[in-house]
Each structure stands twice: as structure tokens, then as C-alpha cells.
Amino acid sequence: MSQILKPRLRRRVLVTSVAIIVLITSALAGVINQLYSQSYMAAYSSELVAQMPMVVAQLNRAGLIKDVDKWIDSVDPSDTDYMSVVCDMKDHTIWLSDEAKEANIGNICSELPDDIPVPTLIETADDESFIAYNMSRDREGGNIYQLVVLRSGESYQSSLNQLHKRTTFYLGLFVLIAIAFLIAAFHWSFQPLRKLAAQLDQMTEAKRNKLDDDFPMELQDVTLALNRLIQISNDQKGRYRHAMDDLAHSLKTRLAATNALLDDKDIARPDLNQRIMEQISQMDELVQYQLKRAMMGQQGLQKDQTELKPAVDSFSRLLSKVYSDKSVNLRYFFDLKLKLPINRTDLMELLGNLLENAYRFCISEVRICVDEHNDCYMIRIEDDGPGVCEEMREAIFQRGVRADQLNPGQGIGLSVCHEIVKSYQGTIHVETASIEGAAFVIRIPKH
């Protein structure tokens, strides 16, 4: 029941349109009736001119005027439907023509308006109607008597009633036709809104990814805003999904290092506790970082100046435990006090993925080189392993792609590195290292 009572946009527009049509047609009908009345009265005035000899003949026959030209003798004063009456200053009837007497109009002067400048329809107390016209000057002009010409108004009222009926019929017919056309027009005009609702339903059912671009211009702003909102929602969902994948990938190395520490019987208890707390702290930072990244996106994270060497040292200790079966020599080729324009968590994530790969695939040596230029820093992380073949050098930065199918992994580490570097308007690519392995080259702008 509440659903039925809710107002609908189409119903509002339809009711408003019908009201406007009825108002306009009613006003038009009133104008038509007014024009008809004026036209009829104008015709009456024209006929009155032609009937003046009859009126004069009536006055002459009554002896009110004399010495009329001979042409009046040829006029039959009874051959007319016009009546004459003379009224005095006190609205008393002084004289009635024979036609007026036959009509038994009584003391008509008492029911006439004081001023009749144009032919006017009047109704008597006996429900009779006449069209009256004062042929004498007004009373203010000094005349004692008024000569008023009358004509029965029955034919006028009859024709006016017929006009009202025809007008009402055509008005109703016009309104019905207009409503039919309005309903058809509304069905056609509101079709884009029905299409929009249908496409939104399809999107909620995951049957389409975006709204069409062929909506009318009036809906373009709405559909563009909805598409932007949908894109933002999809991006946020993607960020959540990627963040969870990245978090699992990042925690894997820390958990492996923690297990390696727990298995090492040579580490003293206080030192073991300190190193495990260090790993737990890094895991907590990773969780906070990935949650923030999922909510804000990479562009929303703060960019800081982070010292490079402490981050590298932390991973050197961690990876040495994980890959203790190798005697990996990590060599530095950069200023030990160098600070990079990268958020600390971003730098830890970037180094964690690249150094973990370098330690995994190297034979015995890993190098970190940083060259400072006027507008950027060039970072090279090299290993002396098998390297990356030419065909895979671009694909490995895509999520889920792994160059090495033999070792376990999700193939998201390098894609995370690419996303981080891209968020700083930087670039990353892989080439052949100077020590024959893979060299990951990162360019980070200073500003």
C-alpha cells in the first residue's frame, strides 16, 4: 500500500501537463465565447443601421416625428423584429412601439441600465432577454428622453448555448486526445530513465560493468557521475583485493624469517626475543600500511625522506637467516647517509620484494647501487643469478605472472613494486646486470 501512495515523477509531470492543457483550452474557450459575443453584437449594430428606416417609420406612425421624406412611405414598420421604446429621466416608459406592445415587455425602462453605449444583452425579471441599444445621447448631455432600440435575445442565447455545447464537446475531445498524446510522449520520453534503471539492475547482478554512453544529453551528467562512482567503487574493491594479496605476500618473508630465528639454537634468548619483536613490528607496520593503501590508494599516502641503509641492513639480517644455506655477499654502492624521497613503508615493501628475489636467485653476490642525478635517483639491485629472459622482462611486472615456474609463489611481488614506483611517478624495468644476472633499475624523481 505504501508503494502505491509514493509519488511518481511521471504522474506529477502528467498531472501538471493535463492541468496546463485544461487551463489553456478553458481560457481559449472563454476567448472564443467572448469573440462570438462581440461578433454577434457587431452584426446587430450593422443590422441596426439597415433597420433605421423601420425605427423611423415606427416613430412616424406614432406621430412622434413628422415631415419625413417620402421614401419612408415605402417602408412597412411592422416588417421587422426590432422594437423601440422611449424612456424619461425617471426610467418611466413614455412610448412603446406596436412591436414592443405585442411583446408585452411592460415597463422595460426600469430594467434598462443607465448607460448603454454599445448593444448589450439584458435580462428582465420575467426571465426574458433583450439586446438593447441607446440611440440618443447620454443623460449628462441634457436630454430628457432616451430612445432605446430592443431586439429579442432568444436567438442570441440559443446560438450562444449551442456554441457552449460545441465548445465543451471539442474541449473535452481535445483534452482526451492531448492526454493520449501526452501518455505516448511520456512513454517515449521516459524510456531513457527506464533503460537507466534496467542497466543499474544489471550492474547490481554483475551482468555489466558500466552504463552506456548513448543516453540523452540531459542524463549525460548523471550517467557520467554514476560511471565515475562505479569506477571508484571497482577500484576500491581492486585495492582491497590487491592489498590482501600483497599483505599475504609480504608477511610470507617475515614469517619465514621468524621460523628461521626460532629454529636457530645458537641465538641467545634476549637476542631472539629482540629479533622476533622486530619481525612482529614490521608485520604490524605492513598490516597498517596495506589497510591504509586499500582505503586511500597509493596517491593518498604521505611521501617522506627515508634513509636507505637502515632499511637495507634490516633485510640483510632477515634474508641471511632465510637463505642461510647460501653465503650471500651484499655489497653497497651508495652514500651510507643517503635519503630517498619515499615513504618508509613503501621503501621497505619495495626493497623486501626485490632483495628477496635477488637472494633467492643469486649464486653468491647481490649489489645495491644508487646514482644521484639532478632530477632523480637511479637505483640498481643486481644479482649474479640466471637473470630474466628478454620475453619475460615486461610481463613479470603484471600481477600473477612469474618468470620462475619451478619455485612456489603468487607472482605479485614485482607487480607490487611496479605499483609503488608508479605512485611516485617513477619507472622500473629489468635488464642484464654487470655481474651477469638480473638488474632491476628504478628511477625515482626527486620532486
# chains A, B, ... in the order shown; residues from 1 in each chain; ligands from 1
call {"tool": "residues_around", "arguments": {"residues": "Glu128 in chain A", "least_positions_apart": "2", "cutoff": "12 Å", "atoms": "only C-alpha atoms", "output": "count of residues only"}}
result
20
call {"tool": "atom_distance", "arguments": {"atom1": "CA of Leu340 in chain A", "atom2": "CA of Arg317 in chain A"}}
result
21.1 Å
call {"tool": "closest_residue", "arguments": {"among": "A:Leu261, A:Leu219, A:Cys369, A:Ala206", "to": "Asn234 in chain A", "atoms": "only C-alpha atoms"}}
result
A:Ala206
call {"tool": "residues_around", "arguments": {"residues": "Met203 in chain A", "least_positions_apart": "5", "cutoff": "12 Å", "atoms": "only C-alpha atoms", "output": "JSON, numbers by chain"}}
result
{"A": [196, 197, 198, 208, 209, 210, 211, 212, 226, 227, 230, 231, 234]}
call {"tool": "residues_around", "arguments": {"residues": "Leu14 in chain A", "least_positions_apart": "6", "cutoff": "9 Å", "atoms": "only C-alpha atoms", "output": "ChimeraX atom specification"}}
result
/A:179,182-183,186
call {"tool": "write_last_selection", "arguments": {"atoms": "all heavy atoms", "output": "PDB file, in the first residue's frame"}}
result
ATOM      1  N   ILE A 179      -4.290  14.140 -23.839  1.00  0.00           N
ATOM      2  CA  ILE A 179      -3.827  13.210 -22.810  1.00  0.00           C
ATOM      3  C   ILE A 179      -3.268  11.946 -23.453  1.00  0.00           C
ATOM      4  O   ILE A 179      -2.233  11.412 -23.012  1.00  0.00           O
ATOM      5  CB  ILE A 179      -4.983  12.875 -21.842  1.00  0.00           C
ATOM      6  CG1 ILE A 179      -5.345  14.105 -20.990  1.00  0.00           C
ATOM      7  CG2 ILE A 179      -4.613  11.710 -20.934  1.00  0.00           C
ATOM      8  CD1 ILE A 179      -6.541  13.903 -20.099  1.00  0.00           C
ATOM      9  N   LEU A 182       0.019  12.808 -24.727  1.00  0.00           N
ATOM     10  CA  LEU A 182       0.944  13.001 -23.612  1.00  0.00           C
ATOM     11  C   LEU A 182       1.420  11.670 -23.059  1.00  0.00           C
ATOM     12  O   LEU A 182       2.611  11.496 -22.766  1.00  0.00           O
ATOM     13  CB  LEU A 182       0.252  13.805 -22.501  1.00  0.00           C
ATOM     14  CG  LEU A 182       0.266  15.328 -22.635  1.00  0.00           C
ATOM     15  CD1 LEU A 182      -0.548  15.949 -21.519  1.00  0.00           C
ATOM     16  CD2 LEU A 182       1.677  15.871 -22.624  1.00  0.00           C
ATOM     17  N   ILE A 183       0.484  10.721 -22.918  1.00  0.00           N
ATOM     18  CA  ILE A 183       0.882   9.408 -22.402  1.00  0.00           C
ATOM     19  C   ILE A 183       1.879   8.753 -23.343  1.00  0.00           C
ATOM     20  O   ILE A 183       2.892   8.177 -22.909  1.00  0.00           O
ATOM     21  CB  ILE A 183      -0.360   8.523 -22.204  1.00  0.00           C
ATOM     22  CG1 ILE A 183      -1.234   9.091 -21.071  1.00  0.00           C
ATOM     23  CG2 ILE A 183       0.032   7.086 -21.902  1.00  0.00           C
ATOM     24  CD1 ILE A 183      -2.554   8.369 -20.893  1.00  0.00           C
ATOM     25  N   PHE A 186       5.130  10.642 -22.995  1.00  0.00           N
ATOM     26  CA  PHE A 186       5.806  10.319 -21.740  1.00  0.00           C
ATOM     27  C   PHE A 186       6.431   8.931 -21.804  1.00  0.00           C
ATOM     28  O   PHE A 186       7.532   8.717 -21.284  1.00  0.00           O
ATOM     29  CB  PHE A 186       4.822  10.389 -20.580  1.00  0.00           C
ATOM     30  CG  PHE A 186       4.499  11.787 -20.147  1.00  0.00           C
ATOM     31  CD1 PHE A 186       3.608  12.014 -19.122  1.00  0.00           C
ATOM     32  CD2 PHE A 186       5.075  12.877 -20.774  1.00  0.00           C
ATOM     33  CE1 PHE A 186       3.311  13.308 -18.727  1.00  0.00           C
ATOM     34  CE2 PHE A 186       4.784  14.158 -20.394  1.00  0.00           C
ATOM     35  CZ  PHE A 186       3.894  14.377 -19.362  1.00  0.00           C
TER      36      PHE A 186
END
call {"tool": "residues_around", "arguments": {"residues": "range 301-316 of chain A", "least_positions_apart": "5", "cutoff": "6 Å", "atoms": "only C-alpha atoms", "output": "PDB file with all heavy atoms, in the first residue's frame"}}
result
ATOM      1  N   LEU A 336      76.212   6.150   2.454  1.00  0.00           N
ATOM      2  CA  LEU A 336      75.583   5.482   3.583  1.00  0.00           C
ATOM      3  C   LEU A 336      74.589   6.366   4.324  1.00  0.00           C
ATOM      4  O   LEU A 336      73.790   5.860   5.122  1.00  0.00           O
ATOM      5  CB  LEU A 336      76.664   4.982   4.551  1.00  0.00           C
ATOM      6  CG  LEU A 336      77.651   3.958   3.956  1.00  0.00           C
ATOM      7  CD1 LEU A 336      78.620   3.484   5.020  1.00  0.00           C
ATOM      8  CD2 LEU A 336      76.908   2.787   3.337  1.00  0.00           C
ATOM      9  N   LEU A 338      72.491   8.355   2.587  1.00  0.00           N
ATOM     10  CA  LEU A 338      71.535   8.743   1.538  1.00  0.00           C
ATOM     11  C   LEU A 338      70.092   8.566   2.027  1.00  0.00           C
ATOM     12  O   LEU A 338      69.756   7.551   2.647  1.00  0.00           O
ATOM     13  CB  LEU A 338      71.781   7.888   0.289  1.00  0.00           C
ATOM     14  CG  LEU A 338      70.788   8.088  -0.862  1.00  0.00           C
ATOM     15  CD1 LEU A 338      70.921   9.493  -1.446  1.00  0.00           C
ATOM     16  CD2 LEU A 338      71.012   7.034  -1.939  1.00  0.00           C
ATOM     17  N   LYS A 339      69.276   9.566   1.712  1.00  0.00           N
ATOM     18  CA  LYS A 339      67.838   9.505   1.989  1.00  0.00           C
ATOM     19  C   LYS A 339      67.083   9.593   0.666  1.00  0.00           C
ATOM     20  O   LYS A 339      67.385  10.448  -0.166  1.00  0.00           O
ATOM     21  CB  LYS A 339      67.401  10.647   2.916  1.00  0.00           C
ATOM     22  CG  LYS A 339      67.922  10.519   4.336  1.00  0.00           C
ATOM     23  CD  LYS A 339      67.359  11.625   5.217  1.00  0.00           C
ATOM     24  CE  LYS A 339      67.841  11.479   6.651  1.00  0.00           C
ATOM     25  NZ  LYS A 339      67.297  12.535   7.530  1.00  0.00           N
ATOM     26  N   LEU A 340      66.108   8.703   0.515  1.00  0.00           N
ATOM     27  CA  LEU A 340      65.302   8.677  -0.707  1.00  0.00           C
ATOM     28  C   LEU A 340      63.928   9.293  -0.451  1.00  0.00           C
ATOM     29  O   LEU A 340      63.362   9.149   0.661  1.00  0.00           O
ATOM     30  CB  LEU A 340      65.132   7.233  -1.193  1.00  0.00           C
ATOM     31  CG  LEU A 340      66.418   6.516  -1.627  1.00  0.00           C
ATOM     32  CD1 LEU A 340      66.098   5.071  -2.008  1.00  0.00           C
ATOM     33  CD2 LEU A 340      67.081   7.226  -2.793  1.00  0.00           C
ATOM     34  N   PRO A 341      63.357   9.976  -1.455  1.00  0.00           N
ATOM     35  CA  PRO A 341      62.036  10.619  -1.282  1.00  0.00           C
ATOM     36  C   PRO A 341      60.892   9.611  -1.377  1.00  0.00           C
ATOM     37  O   PRO A 341      60.005   9.706  -2.232  1.00  0.00           O
ATOM     38  CB  PRO A 341      62.001  11.627  -2.434  1.00  0.00           C
ATOM     39  CG  PRO A 341      62.824  10.997  -3.503  1.00  0.00           C
ATOM     40  CD  PRO A 341      63.931  10.261  -2.790  1.00  0.00           C
ATOM     41  N   ILE A 342      60.906   8.631  -0.474  1.00  0.00           N
ATOM     42  CA  ILE A 342      59.900   7.563  -0.480  1.00  0.00           C
ATOM     43  C   ILE A 342      59.424   7.347   0.948  1.00  0.00           C
ATOM     44  O   ILE A 342      60.212   7.411   1.895  1.00  0.00           O
ATOM     45  CB  ILE A 342      60.482   6.240  -1.044  1.00  0.00           C
ATOM     46  CG1 ILE A 342      61.095   6.447  -2.435  1.00  0.00           C
ATOM     47  CG2 ILE A 342      59.410   5.164  -1.130  1.00  0.00           C
ATOM     48  CD1 ILE A 342      61.749   5.201  -2.997  1.00  0.00           C
ATOM     49  N   ASN A 343      58.162   7.070   1.093  1.00  0.00           N
ATOM     50  CA  ASN A 343      57.611   6.706   2.390  1.00  0.00           C
ATOM     51  C   ASN A 343      58.315   5.458   2.923  1.00  0.00           C
ATOM     52  O   ASN A 343      58.642   4.548   2.164  1.00  0.00           O
ATOM     53  CB  ASN A 343      56.105   6.446   2.235  1.00  0.00           C
ATOM     54  CG  ASN A 343      55.456   5.981   3.515  1.00  0.00           C
ATOM     55  OD1 ASN A 343      55.406   4.778   3.767  1.00  0.00           O
ATOM     56  ND2 ASN A 343      54.956   6.914   4.300  1.00  0.00           N
ATOM     57  N   ARG A 344      58.581   5.424   4.223  1.00  0.00           N
ATOM     58  CA  ARG A 344      59.364   4.334   4.799  1.00  0.00           C
ATOM     59  C   ARG A 344      58.735   2.961   4.527  1.00  0.00           C
ATOM     60  O   ARG A 344      59.427   2.004   4.137  1.00  0.00           O
ATOM     61  CB  ARG A 344      59.512   4.532   6.312  1.00  0.00           C
ATOM     62  CG  ARG A 344      60.332   3.435   6.988  1.00  0.00           C
ATOM     63  CD  ARG A 344      60.464   3.679   8.488  1.00  0.00           C
ATOM     64  NE  ARG A 344      61.275   2.630   9.110  1.00  0.00           N
ATOM     65  CZ  ARG A 344      60.798   1.429   9.457  1.00  0.00           C
ATOM     66  NH1 ARG A 344      59.504   1.144   9.254  1.00  0.00           N
ATOM     67  NH2 ARG A 344      61.599   0.525  10.002  1.00  0.00           N
TER      68      ARG A 344
END
